[in-house]
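Scroll down for the structure; my scribbles are underneath it.
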Amino acid sequence: MNNNQRVYVFNQPTDEYFSASNPAHINMVIREVLSDIENVIQYNIQIYLENYLNILEYLNKTEQNSWLKFIEYGTNNKVEIALQNLGLSRAAAKYLVSMYGHLIIKESNEVLTINIDELEKVIDKSNPYSQEILKILN
């Protein structure tokens with residue numbers, strides 16, 4: 001973007017022009033890029049891989065992998081995928097596993113239970129993911 005372009009909010013033009021020195025404008029650009037990665041690029045990769053795997057299946061060369069699932073969830077960590085299935089965001093699941101993984105009781109990378117009582121005692125409540133984690137898991 002350059003300084004001659006209008007700022008758009010929710011695809012609607014505003015009276016403002018983009019300014020590289022305006023933190024709000026920079027944040028808007030970052031949000032747009034992340035949104036495109038999440039919603040456009042990831043979707044296209046998933047579609048292409050699904051087509052590729054369908055061709056392999058048609059040729060009787062079935063691949064034993066979970067590429068589509070890994071792309072959809074943004075990880076190949078089965079515990080993080082299970083936590084996302086419980087309703088946690090990708091970032092919150094990654095945070096929970098990396099910081100408090102010892103409180104997750106698992107077997108063969110399958111989440112069996114989470115020690116919620118202990119988690120509530122030790123979780124860093126100042127971290128933005130903590131509220132999401134505690135809300136969903138309680």
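If you're wondering about the labels, chains in the structure tokens are A, B, ... by order shown, residues count from 1 in each chain, ligands from 1 in order shown.
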Stretch 93-100 of chain A environment, 12 Å, only C-alpha atoms, sequence neighbours closer than 2 positions dropped, as a PyMOL selection string: chain A and resi 73-91+102-106+109+111+114-116+118-124+127-134+136-137
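Note that the spacing between atom CA of A:Gln46 and atom CA of A:Leu68 amounts to 5.8 Å.
Across the model, the gap from atom CA of A:Val9 to atom CA of A:Ala24 is 11.3 Å.
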Mind checking DSSP for stretch 18-131 of chain A and telling me the strand (DSSP E or B) residues as a list in words?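 Answer for stretch 18-131 of chain A, restricted to strand (DSSP E or B): Ile104, Ile105, Lys106, Glu107, Glu110, Val111, Leu112, Thr113 and Ile114 of chain A.
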Alpha helix (DSSP H) positions in stretch 12-136 of chain A, given as an MDAnalysis selection string: chainID A and resid 23:36 42:58 67:73 78:85 90:100 116:122 128:136
